[in-house]
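Colleague: Input structure: final22.cif, which contains mmCIF, C-alpha atoms.
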```cif
data_final
#
loop_
_atom_site.group_PDB
_atom_site.id
_atom_site.type_symbol
_atom_site.label_atom_id
_atom_site.label_comp_id
_atom_site.auth_asym_id
_atom_site.auth_seq_id
_atom_site.Cartn_x
_atom_site.Cartn_y
_atom_site.Cartn_z
ATOM 1 C CA MET A 1 -8.215 -20.569 12.246
ATOM 2 C CA SER A 2 -7.684 -19.040 15.649
ATOM 3 C CA SER A 3 -9.024 -15.629 16.596
ATOM 4 C CA LYS A 4 -5.472 -14.235 16.545
ATOM 5 C CA ASP A 5 -5.051 -15.418 12.935
ATOM 6 C CA ALA A 6 -8.433 -13.982 11.972
ATOM 7 C CA VAL A 7 -7.553 -10.587 13.436
ATOM 8 C CA LEU A 8 -4.171 -10.607 11.692
ATOM 9 C CA THR A 9 -5.800 -11.572 8.383
ATOM 10 C CA GLY A 10 -8.380 -8.795 8.735
ATOM 11 C CA LEU A 11 -5.685 -6.261 9.571
ATOM 12 C CA ILE A 12 -3.535 -7.268 6.602
ATOM 13 C CA ALA A 13 -6.622 -7.109 4.349
ATOM 14 C CA LEU A 14 -7.371 -3.556 5.506
ATOM 15 C CA VAL A 15 -3.745 -2.556 4.937
ATOM 16 C CA ALA A 16 -3.882 -4.156 1.471
ATOM 17 C CA LEU A 17 -7.057 -2.251 0.533
ATOM 18 C CA ALA A 18 -5.773 1.075 1.858
ATOM 19 C CA GLY A 19 -2.335 0.655 0.305
ATOM 20 C CA GLY A 20 -3.763 -0.426 -3.034
ATOM 21 C CA ALA A 21 -6.159 2.519 -3.072
ATOM 22 C CA PHE A 22 -3.312 4.918 -2.256
ATOM 23 C CA ILE A 23 -1.104 3.446 -5.009
ATOM 24 C CA GLY A 24 -4.017 3.593 -7.475
ATOM 25 C CA TYR A 25 -4.731 7.222 -6.585
ATOM 26 C CA ALA A 26 -1.066 8.162 -6.929
ATOM 27 C CA ASP A 27 -0.852 6.329 -10.266
ATOM 28 C CA SER A 28 -3.863 8.206 -11.639
ATOM 29 C CA HIS A 29 -1.960 11.463 -11.054
ATOM 30 C CA SER A 30 1.329 10.233 -12.548
ATOM 31 C CA ASP A 31 2.713 8.895 -15.807
ATOM 32 C CA ASP A 32 5.480 6.807 -14.215
ATOM 33 C CA VAL A 33 4.426 3.256 -15.029
ATOM 34 C CA PHE A 34 7.581 1.503 -13.836
ATOM 35 C CA ILE A 35 7.584 3.276 -10.479
ATOM 36 C CA THR A 36 3.970 2.229 -9.934
ATOM 37 C CA LEU A 37 4.755 -1.374 -10.898
ATOM 38 C CA GLY A 38 7.770 -1.411 -8.586
ATOM 39 C CA ILE A 39 5.731 -0.084 -5.675
ATOM 40 C CA LEU A 40 2.990 -2.650 -6.382
ATOM 41 C CA LEU A 41 5.577 -5.427 -6.491
ATOM 42 C CA GLY A 42 7.200 -4.343 -3.236
ATOM 43 C CA PHE A 43 3.942 -3.793 -1.378
ATOM 44 C CA SER A 44 2.522 -7.143 -2.516
ATOM 45 C CA PHE A 45 5.785 -8.809 -1.518
ATOM 46 C CA LEU A 46 5.533 -7.293 1.964
ATOM 47 C CA LEU A 47 1.938 -8.471 2.375
ATOM 48 C CA GLY A 48 2.862 -11.954 1.150
ATOM 49 C CA PHE A 49 5.713 -12.058 3.649
ATOM 50 C CA LEU A 50 3.469 -10.959 6.510
ATOM 51 C CA GLY A 51 0.572 -13.257 5.562
ATOM 52 C CA PRO A 52 2.056 -16.194 3.633
ATOM 53 C CA ARG A 53 -1.101 -18.316 3.835
ATOM 54 C CA LEU A 54 -3.182 -16.005 1.608
ATOM 55 C CA PRO A 55 -1.086 -14.543 -1.232
ATOM 56 C CA TRP A 56 -3.984 -15.196 -3.631
ATOM 57 C CA LEU A 57 -6.028 -12.698 -1.589
ATOM 58 C CA TRP A 58 -3.422 -9.946 -1.141
ATOM 59 C CA ALA A 59 -2.672 -9.560 -4.855
ATOM 60 C CA PRO A 60 -6.216 -8.654 -6.004
ATOM 61 C CA LEU A 61 -6.867 -6.488 -2.935
ATOM 62 C CA VAL A 62 -3.840 -4.396 -3.838
ATOM 63 C CA GLY A 63 -3.961 -4.554 -7.623
ATOM 64 C CA ILE A 64 -7.625 -3.901 -8.390
ATOM 65 C CA TRP A 65 -7.347 -0.237 -7.489
ATOM 66 C CA VAL A 66 -4.880 0.842 -10.182
ATOM 67 C CA PRO A 67 -7.012 0.087 -13.269
ATOM 68 C CA VAL A 68 -10.287 1.007 -11.556
ATOM 69 C CA LEU A 69 -9.128 4.382 -10.253
ATOM 70 C CA ASP A 70 -7.226 5.056 -13.476
ATOM 71 C CA THR A 71 -10.553 4.711 -15.308
ATOM 72 C CA VAL A 72 -12.976 6.271 -12.806
ATOM 73 C CA LEU A 73 -11.113 9.283 -11.392
ATOM 74 C CA PRO A 74 -10.585 11.138 -14.706
ATOM 75 C CA ARG A 75 -14.273 10.699 -15.566
ATOM 76 C CA LEU A 76 -15.220 12.221 -12.208
ATOM 77 C CA GLY A 77 -12.814 15.114 -12.759
ATOM 78 C CA LEU A 78 -10.601 14.069 -9.837
ATOM 79 C CA ALA A 79 -7.531 13.278 -11.949
ATOM 80 C CA PRO A 80 -6.061 14.799 -15.109
ATOM 81 C CA ARG A 81 -7.322 13.313 -18.347
ATOM 82 C CA GLU A 82 -4.876 11.641 -20.687
ATOM 83 C CA ALA A 83 -4.423 13.219 -24.101
ATOM 84 C CA GLY A 84 -5.741 10.770 -26.662
ATOM 85 C CA PRO A 85 -8.584 8.319 -26.950
ATOM 86 C CA SER A 86 -10.718 7.505 -23.956
ATOM 87 C CA THR A 87 -10.070 4.351 -21.998
ATOM 88 C CA SER A 88 -11.483 1.308 -23.748
ATOM 89 C CA LEU A 89 -12.334 -2.075 -22.325
ATOM 90 C CA LEU A 90 -9.328 -3.617 -24.052
ATOM 91 C CA SER A 91 -6.872 -1.150 -22.509
ATOM 92 C CA PHE A 92 -8.534 -1.622 -19.109
ATOM 93 C CA LEU A 93 -8.070 -5.396 -19.387
ATOM 94 C CA ALA A 94 -4.455 -5.013 -20.523
ATOM 95 C CA VAL A 95 -3.655 -2.794 -17.538
ATOM 96 C CA MET A 96 -5.509 -5.210 -15.254
ATOM 97 C CA ALA A 97 -3.500 -8.176 -16.570
ATOM 98 C CA LEU A 98 -0.171 -6.379 -16.148
ATOM 99 C CA VAL A 99 -0.966 -5.115 -12.655
ATOM 100 C CA MET A 100 -2.321 -8.458 -11.453
ATOM 101 C CA THR A 101 0.711 -10.303 -12.839
ATOM 102 C CA VAL A 102 3.032 -7.999 -10.902
ATOM 103 C CA CYS A 103 0.928 -8.222 -7.725
ATOM 104 C CA PHE A 104 0.681 -12.018 -7.834
ATOM 105 C CA ALA A 105 4.432 -12.311 -8.477
ATOM 106 C CA GLY A 106 5.155 -10.086 -5.486
ATOM 107 C CA ALA A 107 2.660 -11.732 -3.148
ATOM 108 C CA TYR A 108 3.720 -15.295 -3.961
ATOM 109 C CA SER A 109 7.448 -14.530 -3.785
ATOM 110 C CA GLY A 110 6.892 -12.805 -0.437
ATOM 111 C CA ALA A 111 4.858 -15.765 0.788
ATOM 112 C CA TRP A 112 7.587 -18.167 -0.286
ATOM 113 C CA LEU A 113 10.252 -16.160 1.526
ATOM 114 C CA GLY A 114 7.975 -15.726 4.555
ATOM 115 C CA ARG A 115 7.430 -19.461 4.859
ATOM 116 C CA ALA A 116 11.136 -20.149 4.440
ATOM 117 C CA ALA A 117 12.030 -17.570 7.080
ATOM 118 C CA ARG A 118 9.501 -18.996 9.530
ATOM 119 C CA ARG A 119 10.965 -22.495 9.070
ATOM 120 C CA VAL A 120 14.472 -21.195 9.736
ATOM 121 C CA TRP A 121 13.337 -19.280 12.821
ATOM 122 C CA GLN A 122 11.506 -22.352 14.164
ATOM 123 C CA VAL A 123 14.597 -24.528 13.740
ATOM 124 C CA ASP A 124 16.926 -21.939 15.318
ATOM 125 C CA GLY A 125 14.434 -21.083 18.083
ATOM 126 C CA GLY A 126 14.215 -24.701 19.227
ATOM 127 C CA ARG A 127 17.945 -25.061 19.939
#
```
The structure given in the file should be rewritten as structure tokens.
Modeller:
Amino acid sequence: MSSKDAVLTGLIALVALAGGAFIGYADSHSDDVFITLGILLGFSFLLGFLGPRLPWLWAPLVGIWVPVLDTVLPRLGLAPREAGPSTSLLSFLAVMALVMTVCFAGAYSGAWLGRAARRVWQVDGGR
């Protein structure tokens, strides 16, 4: 891996962490599940498109924040508490599975399209 690739990978990783934390924070203050899932899908897709070699890394860097912040922030008093039972391990794992499925689908579809686009641009650029 060249130094240019390493810098690009580090930059995309920082963007993934910051974006995932922002989405997780926004989700902990909202009840709109489908909007959050759509934003996660789109953001993971964008990261997969930009860094198609590492979609397996972008998905967890983005997705881990939603279930973690959804559990931690209300207990710290930084987000409104849900009416009903407290968050259990089973509900945490269910949210984690859903979020990771969406993030992996977005990252791998973005990586697929990114690789395809790069092949087309290489063929057209050589003419």
Colleague: Hey, can you check how far atom CA of Arg115 of chain A sits from atom CA of Phe34 of chain A?
Modeller: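 Between atom CA of Arg115 of chain A and atom CA of Phe34 of chain A the gap is 28.1 Å.
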Colleague: What does the distance from atom CA of Trp65 of chain A to atom CA of Tyr25 of chain A come to in Å, to one decimal?
Modeller: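 That distance, rounded to one decimal, is 8.0 Å.
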Colleague: To test your reading of the syntax: which residues would the PyMOL selection byres ((chain A and resi 54) around 9) return for the file shown? Reply as number ranges by chain.
Modeller: A: 9, 48, 51-53, 55-58, 107-108, 111
Colleague: Applied to the shown file, which residues does the PyMOL selection byres ((chain A and resi 36) around 12) return, written as a PyMOL selection string?
Modeller: chain A and resi 20+22-35+37-43+62-63+65-67+95+98-99+102-103
Colleague: Could you write out that same residue set with C-alpha atoms as a CSV table (one decimal), in the frame of the given file?
Modeller:
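Written file, selection-v8.csv:
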```
chain,number,residue,atom,x,y,z
A,20,GLY,CA,-3.8,-0.4,-3.0
A,22,PHE,CA,-3.3,4.9,-2.3
A,23,ILE,CA,-1.1,3.4,-5.0
A,24,GLY,CA,-4.0,3.6,-7.5
A,25,TYR,CA,-4.7,7.2,-6.6
A,26,ALA,CA,-1.1,8.2,-6.9
A,27,ASP,CA,-0.9,6.3,-10.3
A,28,SER,CA,-3.9,8.2,-11.6
A,29,HIS,CA,-2.0,11.5,-11.1
A,30,SER,CA,1.3,10.2,-12.5
A,31,ASP,CA,2.7,8.9,-15.8
A,32,ASP,CA,5.5,6.8,-14.2
A,33,VAL,CA,4.4,3.3,-15.0
A,34,PHE,CA,7.6,1.5,-13.8
A,35,ILE,CA,7.6,3.3,-10.5
A,37,LEU,CA,4.8,-1.4,-10.9
A,38,GLY,CA,7.8,-1.4,-8.6
A,39,ILE,CA,5.7,-0.1,-5.7
A,40,LEU,CA,3.0,-2.6,-6.4
A,41,LEU,CA,5.6,-5.4,-6.5
A,42,GLY,CA,7.2,-4.3,-3.2
A,43,PHE,CA,3.9,-3.8,-1.4
A,62,VAL,CA,-3.8,-4.4,-3.8
A,63,GLY,CA,-4.0,-4.6,-7.6
A,65,TRP,CA,-7.3,-0.2,-7.5
A,66,VAL,CA,-4.9,0.8,-10.2
A,67,PRO,CA,-7.0,0.1,-13.3
A,95,VAL,CA,-3.7,-2.8,-17.5
A,98,LEU,CA,-0.2,-6.4,-16.1
A,99,VAL,CA,-1.0,-5.1,-12.7
A,102,VAL,CA,3.0,-8.0,-10.9
A,103,CYS,CA,0.9,-8.2,-7.7
```
Colleague: Separation of atom CA of Phe45 of chain A and atom CA of Ser109 of chain A, in Å?
Modeller: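 Value for the atom CA of Phe45 of chain A-atom CA of Ser109 of chain A distance: 6.4 Å.
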Colleague: Quick one: residues within 9 Å of Ile12 of chain A, only C-alpha atoms counted, chain neighbours fewer than 3 positions away excluded, as a PyMOL selection string?
Modeller: chain A and resi 7-9+15-17+47+50-51+58
Colleague: Save out the residues we just selected, C-alpha atoms, as a PDB file, in the coordinates of the input.
Modeller:
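In the end it all went to selection23.pdb:
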```pdb
ATOM      1  CA  VAL A   7      -7.553 -10.587  13.436  1.00  0.00           C
ATOM      2  CA  LEU A   8      -4.171 -10.607  11.692  1.00  0.00           C
ATOM      3  CA  THR A   9      -5.800 -11.572   8.383  1.00  0.00           C
ATOM      4  CA  VAL A  15      -3.745  -2.556   4.937  1.00  0.00           C
ATOM      5  CA  ALA A  16      -3.882  -4.156   1.471  1.00  0.00           C
ATOM      6  CA  LEU A  17      -7.057  -2.251   0.533  1.00  0.00           C
ATOM      7  CA  LEU A  47       1.938  -8.471   2.375  1.00  0.00           C
ATOM      8  CA  LEU A  50       3.469 -10.959   6.510  1.00  0.00           C
ATOM      9  CA  GLY A  51       0.572 -13.257   5.562  1.00  0.00           C
ATOM     10  CA  TRP A  58      -3.422  -9.946  -1.141  1.00  0.00           C
TER      11      TRP A  58
END
```
Colleague: Return as lines of an AutoDock Vina configuration file the box centre and box size in Å, one decimal, for an axis-aligned box around all listed atoms of segment 51-64 of chain A padded by 6 Å per side.
Modeller:
```
center_x = -2.8
center_y = -11.1
center_z = -1.4
size_x = 21.7
size_y = 26.4
size_z = 26.0
```
Colleague: Find the residue from A:Leu78, A:Ala6, A:Leu11, A:Ala59 that sits nearest to Gly110 of chain A; use all atoms listed in the file when measuring.
Modeller: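 Nearest candidate to Gly110 of chain A out of A:Leu78, A:Ala6, A:Leu11, A:Ala59: A:Ala59.
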